[in-house]
file input-v8.txt (compact mmCIF, C-alpha atoms)
# COMPACT_ATOMS: atom_id res chain seq x y z
CA MET A 284 67.24 49.76 22.94
CA TYR A 285 64.91 50.75 25.76
CA ASN A 286 62.30 48.45 27.22
CA PHE A 287 59.17 50.14 28.48
CA PRO A 288 59.00 49.59 32.27
CA LEU A 289 55.29 48.78 32.42
CA PRO A 290 53.94 45.43 31.20
CA ARG A 291 51.14 45.20 28.68
CA ALA A 292 47.66 44.57 30.00
CA SER A 293 45.60 41.57 29.04
CA GLN A 294 43.31 41.93 26.05
CA GLU A 295 40.35 42.01 28.42
CA CYS A 296 41.76 44.93 30.43
CA TYR A 297 42.86 46.74 27.28
CA THR A 298 39.41 46.49 25.72
CA LYS A 299 37.75 47.62 28.93
CA TRP A 300 39.97 50.58 29.81
CA TYR A 301 41.74 51.91 26.72
CA ASN A 302 40.44 55.39 25.80
CA TYR A 303 38.27 55.42 28.93
CA LEU A 304 37.33 58.97 29.95
CA VAL A 305 37.47 59.39 33.73
CA PRO A 306 34.12 60.89 34.78
CA SER A 307 34.95 62.23 38.24
CA GLY A 308 37.55 62.67 40.96
CA ALA A 309 41.01 64.23 40.89
CA LEU A 310 41.62 62.85 37.37
CA LYS A 311 38.28 63.94 35.90
CA ASN A 312 38.31 64.32 32.08
CA THR A 313 41.62 62.50 31.66
CA THR A 314 41.78 59.68 29.12
CA ILE A 315 43.44 56.32 29.71
CA LEU A 316 46.12 55.68 27.09
CA TRP A 317 47.98 52.84 28.78
CA ALA A 318 45.70 50.20 30.24
CA ALA A 319 46.63 48.00 33.18
CA GLN A 320 45.16 45.54 35.63
CA GLU A 321 42.77 46.62 38.37
CA LEU A 322 43.81 46.24 41.99
CA PRO A 323 42.23 43.24 43.74
CA CYS A 324 41.50 45.42 46.77
CA ARG A 325 40.24 48.85 47.70
CA PHE A 326 42.67 51.73 47.26
CA ARG A 327 42.74 52.51 50.98
CA SER A 328 43.17 48.90 52.04
CA ASP A 329 46.16 48.12 54.26
CA SER A 330 47.09 45.27 51.93
CA ILE A 331 47.71 47.50 48.89
CA LYS A 332 51.38 48.07 49.79
CA ASN A 333 52.01 44.32 49.50
CA ILE A 334 50.08 43.97 46.25
CA ILE A 335 50.70 46.98 44.02
CA GLY A 336 53.15 46.60 41.15
CA PRO A 337 53.95 47.67 37.56
CA HIS A 338 51.00 45.71 36.17
CA HIS A 339 48.59 47.97 38.09
CA VAL A 340 49.82 51.29 36.63
CA PHE A 341 47.62 53.19 34.17
CA ILE A 342 48.85 56.19 32.16
CA LEU A 343 46.32 58.93 31.46
CA LYS A 344 46.47 62.21 29.58
CA LEU A 345 44.68 65.54 29.59
CA ASN A 346 45.79 68.08 26.99
CA GLU A 347 49.61 67.78 27.09
CA THR A 348 49.93 66.47 30.64
CA PHE A 349 50.37 62.82 31.58
CA TYR A 350 49.14 61.29 34.82
CA TYR A 351 49.68 57.95 36.54
CA ALA A 352 46.83 56.12 38.22
CA VAL A 353 45.53 52.89 39.67
CA ILE A 354 42.00 51.52 39.60
CA ASP A 355 40.80 49.64 42.65
CA SER A 356 38.32 46.80 43.07
CA THR A 357 35.40 49.25 43.02
CA GLU A 358 36.59 50.52 39.61
CA THR A 359 37.40 53.93 41.07
CA VAL A 360 40.36 55.78 39.55
CA PHE A 361 43.01 57.18 41.91
CA LYS A 362 46.25 59.06 41.31
CA LEU A 363 49.28 56.86 41.86
CA PRO A 364 50.88 58.05 45.14
CA LYS A 365 54.60 58.83 45.01
CA LYS A 366 55.26 56.40 47.85
CA TYR A 367 54.49 53.52 45.45
CA TYR A 368 56.83 54.64 42.66
CA THR A 369 59.58 52.28 43.79
CA SER A 370 57.18 49.31 43.81
CA CYS A 371 55.72 50.19 40.43
CA PHE A 372 59.00 51.08 38.70
CA PRO A 373 61.50 48.75 40.40
CA GLY A 374 65.20 48.68 39.61
CA ILE A 375 65.24 51.61 37.19
CA GLN A 376 68.49 53.57 37.17
CA TYR A 377 68.77 57.17 36.03
CA SER A 378 71.10 56.11 33.21
CA GLN A 379 68.37 53.83 31.83
CA VAL A 380 65.88 56.64 31.23
CA PRO A 381 65.71 57.68 27.55
CA LYS A 382 66.21 61.24 26.37
CA ASN A 383 63.48 63.64 27.49
CA ASN A 384 61.95 60.77 29.47
CA ARG A 385 59.87 59.79 26.45
CA MET A 386 59.52 56.55 24.53
CA LEU A 387 57.54 55.61 21.45
CA VAL A 388 55.30 52.76 22.58
CA LYS A 389 53.10 50.60 20.40
CA LEU A 390 49.59 50.70 21.85
CA ASN A 391 48.02 48.34 19.33
CA GLU A 392 48.60 47.03 15.83
CA LYS A 393 47.73 50.35 14.22
CA GLN A 394 48.73 52.96 16.77
CA SER A 395 51.88 54.03 18.59
CA MET A 396 52.26 56.90 21.02
CA MET A 397 55.03 58.82 22.75
CA LEU A 398 54.64 58.10 26.47
CA PRO A 399 56.68 59.10 29.52
CA TYR A 400 59.14 56.42 30.59
CA ILE A 401 58.67 57.10 34.31
CA PRO A 402 56.82 59.84 36.25
CA GLU A 403 58.55 63.22 36.00
CA SER A 404 58.79 63.62 39.77
CA PHE A 405 60.39 60.17 40.05
CA LEU A 406 62.88 61.14 37.34
CA GLU A 407 63.77 64.33 39.19
CA GLN A 408 64.31 62.34 42.38
CA LYS A 409 66.72 60.01 40.58
CA ARG A 410 68.49 62.93 38.90
CA THR A 411 69.05 64.60 42.26
CA LYS A 412 70.45 61.46 43.85
CA THR A 413 72.72 60.80 40.88
CA THR A 414 74.08 64.35 41.11
CA ARG A 415 74.79 63.88 44.82
CA LYS A 416 76.65 60.64 44.12
CA ARG A 417 78.73 62.29 41.39
CA ARG A 418 79.70 65.15 43.66
CA ARG A 419 80.79 62.77 46.39
CA SER A 420 82.85 60.67 43.97
CA GLU A 421 84.63 63.79 42.72
CA SER A 422 85.62 64.91 46.20
CA GLU A 423 89.26 64.53 47.18
CA ASN A 424 88.88 61.87 49.83
CA ASN A 425 85.65 60.32 48.55
CA GLU A 426 84.72 59.41 52.10
CA ILE A 427 81.58 60.03 54.09
CA GLU A 428 82.24 62.36 56.98
CA SER A 429 82.78 60.37 60.14
CA ILE A 430 81.34 61.66 63.39
CA ASP A 431 81.77 59.86 66.67
CA PHE A 432 78.34 60.12 68.24
CA ASN A 433 79.56 58.27 71.33
CA GLN A 434 82.11 60.93 72.19
CA GLN A 435 81.59 62.24 75.69
CA VAL A 436 80.74 65.92 75.85
CA PRO A 437 82.20 67.59 78.95
CA GLU A 438 79.83 69.10 81.48
CA TRP A 439 80.50 72.69 82.46
CA ASN A 440 79.55 74.31 85.72
CA ILE A 441 79.41 78.08 85.38
CA LEU A 442 78.14 80.10 88.30
CA GLY A 443 75.92 77.27 89.43
CA VAL A 444 74.33 76.66 86.00
CA GLN A 445 74.86 73.12 84.72
CA THR A 446 74.51 72.12 81.06
CA THR A 447 74.18 68.43 80.17
CA VAL A 448 73.60 66.47 76.99
CA GLU A 449 70.49 64.28 76.98
CA SER A 450 71.35 60.62 77.49
CA ASN A 451 69.53 59.51 74.33
CA LYS A 452 70.57 62.36 72.04
CA SER A 453 73.59 60.59 70.54
CA ALA A 454 71.56 57.49 69.64
CA ILE A 455 68.72 59.49 68.09
CA MET A 456 71.01 61.79 66.09
CA HIS A 457 73.01 58.78 64.92
CA LEU A 458 69.81 57.11 63.70
CA ILE A 459 68.65 60.24 61.87
CA ARG A 460 72.03 60.74 60.22
CA SER A 461 72.13 57.08 59.12
CA ILE A 462 68.65 57.30 57.56
CA ILE A 463 69.53 60.49 55.66
CA LEU A 464 72.78 59.01 54.33
CA TYR A 465 70.91 55.86 53.29
CA ASN A 466 68.34 58.00 51.46
CA ASP A 467 71.11 59.90 49.64
CA SER A 468 72.91 56.77 48.50
CA ASN A 469 69.97 54.56 47.44
CA GLU A 470 68.05 55.46 44.31
CA ASN A 471 65.16 53.14 45.13
CA PHE A 472 64.48 54.68 48.53
CA SER A 473 63.07 58.12 49.18
CA LEU A 474 61.99 59.84 52.38
CA LYS A 475 58.46 61.16 52.17
CA ASN A 476 58.04 64.92 52.45
CA HIS A 477 54.97 65.18 54.69
CA PHE A 478 54.63 68.92 54.09
CA GLU A 479 55.18 69.01 50.33
CA GLY A 480 52.95 71.63 48.70
CA ILE A 481 51.29 72.53 52.01
CA ASP A 482 51.25 76.13 53.25
CA LEU A 483 51.23 77.30 56.87
CA LYS A 484 47.51 78.12 56.84
CA THR A 485 46.71 74.53 55.87
CA ILE A 486 48.96 73.17 58.63
CA GLN A 487 47.32 75.45 61.16
CA SER A 488 43.81 74.36 60.19
CA ASP A 489 44.55 70.62 60.05
CA ASP A 490 44.77 68.82 63.41
CA LYS A 491 47.00 66.00 62.13
CA LEU A 492 49.43 68.33 60.36
CA ARG A 493 49.52 70.66 63.34
CA GLU A 494 50.37 67.72 65.60
CA LYS A 495 53.23 66.73 63.27
CA MET A 496 54.55 70.29 63.39
CA LYS A 497 54.43 70.27 67.19
CA ILE A 498 56.52 67.09 67.24
CA ILE A 499 59.09 68.63 64.88
CA VAL A 500 59.37 71.83 66.93
CA SER A 501 59.60 69.86 70.18
CA PHE A 502 62.36 67.66 68.75
CA ILE A 503 64.38 70.64 67.54
CA TYR A 504 63.95 72.42 70.88
CA TYR A 505 65.24 69.51 72.95
CA TYR A 506 67.76 67.87 70.60
CA CYS A 507 69.22 70.11 67.92
CA ARG A 508 68.42 73.78 68.46
CA ASP A 509 72.10 74.67 68.74
CA GLU A 510 72.89 72.75 65.54
CA ILE A 511 70.53 74.96 63.53
CA GLY A 512 71.59 78.18 65.23
CA VAL A 513 68.67 78.66 67.63
CA PHE A 514 70.79 79.35 70.68
CA LYS A 515 69.29 79.92 74.09
CA GLN A 516 69.17 83.56 75.09
CA ARG A 517 70.62 84.00 78.56
CA GLU A 518 70.53 87.00 80.83
CA PRO A 519 73.92 88.63 81.47
CA ILE A 520 75.73 87.44 84.59
CA SER A 521 75.05 89.74 87.52
CA ILE A 522 77.63 92.40 88.38
CA SER A 523 78.20 90.89 91.82
CA ASP A 524 79.19 87.55 90.29
CA LEU A 525 81.46 89.29 87.80
CA GLN A 526 83.38 91.42 90.30
CA SER A 527 86.14 88.89 90.97
CA TRP A 528 86.70 88.36 87.25
CA LEU A 529 86.67 92.06 86.45
CA SER A 530 89.06 93.00 89.22
CA GLU A 531 91.57 90.35 88.14
CA ASP A 532 91.29 91.42 84.54
CA ASN A 533 92.13 95.02 85.47
CA SER A 534 95.05 94.15 87.73

call {"tool": "encode", "arguments": {"input": "input-v8.txt", "output": "structure tokens"}}
result
Amino acid sequence: MYNFPLPRASQECYTKWYNYLVPSGALKNTTILWAAQELPCRFRSDSIKNIIGPHHVFILKLNETFYYAVIDSTETVFKLPKKYYTSCFPGIQYSQVPKNNRMLVKLNEKQSMMLPYIPESFLEQKRTKTTRKRRRSESENNEIESIDFNQQVPEWNILGVQTTVESNKSAIMHLIRSIILYNDSNENFSLKNHFEGIDLKTIQSDDKLREKMKIIVSFIYYYCRDEIGVFKQREPISISDLQSWLSEDNS
């Protein structure tokens, strides 16, 4: 027996919002099927992350598509951001989700409706993480690869050119690896994709996105270009410097 993850709204909220047709915004013309409680703050308030929960989640529908939303203190309807999925659907495991992610829910004494159990994108996120876990458990050693980030890398001096490893690279790479492994092994945590659905033209025309891209490129250049196969192109060693090596090789 499945329990619907969202709590029922009070009679006051139900009467006010059930079957409400959204007049404007990103969810224009959608209809509220699952009523909830309004946020006690504005949507863009810094305090929302400490307030938002399952009792604030509305479910809307347009044609055959369902949407999730919140309504703030100004009674404005906003799409529920993915970053709040964990707060609004806490503790849900992939194995708990019913078939086809649908559940027959009683809306009132006379009407029931088939509603999504959780947002489709949240379900896909959980499915992906569950698949990763299964693959790891089926591996022969069932152990996470161990890399010693404190291992000293030797410095080479070749014809006066010295290559060194940045003093803080090991700590930074260790942090990044730890965060990624934590993301892979925890269903209720997900790294935000800051460029999801954004094309290069949009990045180029947006100052904030362009600045983020500059940071990414700069990081790769200084810390992990070799790891992703972007090796430095070096000019061939001069013939004069090679003479001693070539003569010995031919002797």

call {"tool": "residues_around", "arguments": {"input": "input-v8.txt", "residues": "His338 of chain A", "least_positions_apart": "3", "cutoff": "9 Å", "atoms": "only C-alpha atoms", "output": "MDAnalysis selection string"}}
result
chainID A and resid 289:292 319:321 335 341 371

call {"tool": "write_last_selection", "arguments": {"input": "input-v8.txt", "atoms": "C-alpha atoms", "output": "short mmCIF file (atom, residue, chain, number, x, y, z; two decimals), keeping the file's coordinate frame"}}
result
data_model
loop_
_atom_site.label_atom_id
_atom_site.label_comp_id
_atom_site.auth_asym_id
_atom_site.auth_seq_id
_atom_site.Cartn_x
_atom_site.Cartn_y
_atom_site.Cartn_z
CA LEU A 289 55.29 48.78 32.42
CA PRO A 290 53.94 45.43 31.20
CA ARG A 291 51.14 45.20 28.68
CA ALA A 292 47.66 44.57 30.00
CA ALA A 319 46.63 48.00 33.18
CA GLN A 320 45.16 45.54 35.63
CA GLU A 321 42.77 46.62 38.37
CA ILE A 335 50.70 46.98 44.02
CA PHE A 341 47.62 53.19 34.17
CA CYS A 371 55.72 50.19 40.43
#

call {"tool": "atom_distance", "arguments": {"input": "input-v8.txt", "atom1": "atom CA of Asn302 of chain A", "atom2": "atom CA of Pro364 of chain A"}}
result
22.1 Å

call {"tool": "atom_distance", "arguments": {"input": "input-v8.txt", "atom1": "atom CA of Ser370 of chain A", "atom2": "atom CA of Glu403 of chain A"}}
result
16.0 Å

call {"tool": "residues_around", "arguments": {"input": "input-v8.txt", "residues": "Lys344 of chain A", "least_positions_apart": "5", "cutoff": "12 Å", "atoms": "all atoms listed in the file", "output": "compact mmCIF listing (two decimals) with C-alpha atoms, keeping the file's coordinate frame"}}
result
# COMPACT_ATOMS: atom_id res chain seq x y z
CA TYR A 301 41.74 51.91 26.72
CA ASN A 302 40.44 55.39 25.80
CA TYR A 303 38.27 55.42 28.93
CA LEU A 304 37.33 58.97 29.95
CA VAL A 305 37.47 59.39 33.73
CA LEU A 310 41.62 62.85 37.37
CA LYS A 311 38.28 63.94 35.90
CA ASN A 312 38.31 64.32 32.08
CA THR A 313 41.62 62.50 31.66
CA THR A 314 41.78 59.68 29.12
CA ILE A 315 43.44 56.32 29.71
CA LEU A 316 46.12 55.68 27.09
CA TRP A 317 47.98 52.84 28.78
CA PHE A 349 50.37 62.82 31.58
CA TYR A 350 49.14 61.29 34.82
CA TYR A 351 49.68 57.95 36.54
CA ALA A 352 46.83 56.12 38.22
CA MET A 396 52.26 56.90 21.02
CA MET A 397 55.03 58.82 22.75
CA LEU A 398 54.64 58.10 26.47
CA PRO A 399 56.68 59.10 29.52

call {"tool": "atom_distance", "arguments": {"input": "input-v8.txt", "atom1": "atom CA of Gly336 of chain A", "atom2": "atom CA of Thr369 of chain A"}}
result
9.0 Å

call {"tool": "closest_residue", "arguments": {"input": "input-v8.txt", "among": "A:Ile342, A:Pro323, A:Asn469, A:Tyr505", "to": "Leu390 of chain A", "atoms": "only C-alpha atoms"}}
result
A:Ile342

call {"tool": "closest_residue", "arguments": {"input": "input-v8.txt", "among": "A:Ser330, A:Thr357, A:Ser501, A:Ser293", "to": "Ala318 of chain A", "atoms": "only C-alpha atoms"}}
result
A:Ser293

call {"tool": "residues_around", "arguments": {"input": "input-v8.txt", "residues": "Gln408 of chain A", "least_positions_apart": "5", "cutoff": "12 Å", "atoms": "only C-alpha atoms", "output": "PDB file with C-alpha atoms, in the frame of the given file"}}
result
ATOM      1  CA  LYS A 365      54.600  58.830  45.010  1.00  0.00           C
ATOM      2  CA  TYR A 368      56.830  54.640  42.660  1.00  0.00           C
ATOM      3  CA  THR A 369      59.580  52.280  43.790  1.00  0.00           C
ATOM      4  CA  ILE A 375      65.240  51.610  37.190  1.00  0.00           C
ATOM      5  CA  GLN A 376      68.490  53.570  37.170  1.00  0.00           C
ATOM      6  CA  TYR A 377      68.770  57.170  36.030  1.00  0.00           C
ATOM      7  CA  ILE A 401      58.670  57.100  34.310  1.00  0.00           C
ATOM      8  CA  PRO A 402      56.820  59.840  36.250  1.00  0.00           C
ATOM      9  CA  GLU A 403      58.550  63.220  36.000  1.00  0.00           C
ATOM     10  CA  THR A 413      72.720  60.800  40.880  1.00  0.00           C
ATOM     11  CA  THR A 414      74.080  64.350  41.110  1.00  0.00           C
ATOM     12  CA  ARG A 415      74.790  63.880  44.820  1.00  0.00           C
ATOM     13  CA  ASN A 466      68.340  58.000  51.460  1.00  0.00           C
ATOM     14  CA  ASP A 467      71.110  59.900  49.640  1.00  0.00           C
ATOM     15  CA  SER A 468      72.910  56.770  48.500  1.00  0.00           C
ATOM     16  CA  ASN A 469      69.970  54.560  47.440  1.00  0.00           C
ATOM     17  CA  GLU A 470      68.050  55.460  44.310  1.00  0.00           C
ATOM     18  CA  ASN A 471      65.160  53.140  45.130  1.00  0.00           C
ATOM     19  CA  PHE A 472      64.480  54.680  48.530  1.00  0.00           C
ATOM     20  CA  SER A 473      63.070  58.120  49.180  1.00  0.00           C
ATOM     21  CA  LEU A 474      61.990  59.840  52.380  1.00  0.00           C
ATOM     22  CA  LYS A 475      58.460  61.160  52.170  1.00  0.00           C
TER      23      LYS A 475
END

call {"tool": "closest_residue", "arguments": {"input": "input-v8.txt", "among": "A:Leu343, A:Ile354, A:Ala309, A:Met496", "to": "Cys296 of chain A", "atoms": "all atoms listed in the file"}}
result
A:Ile354
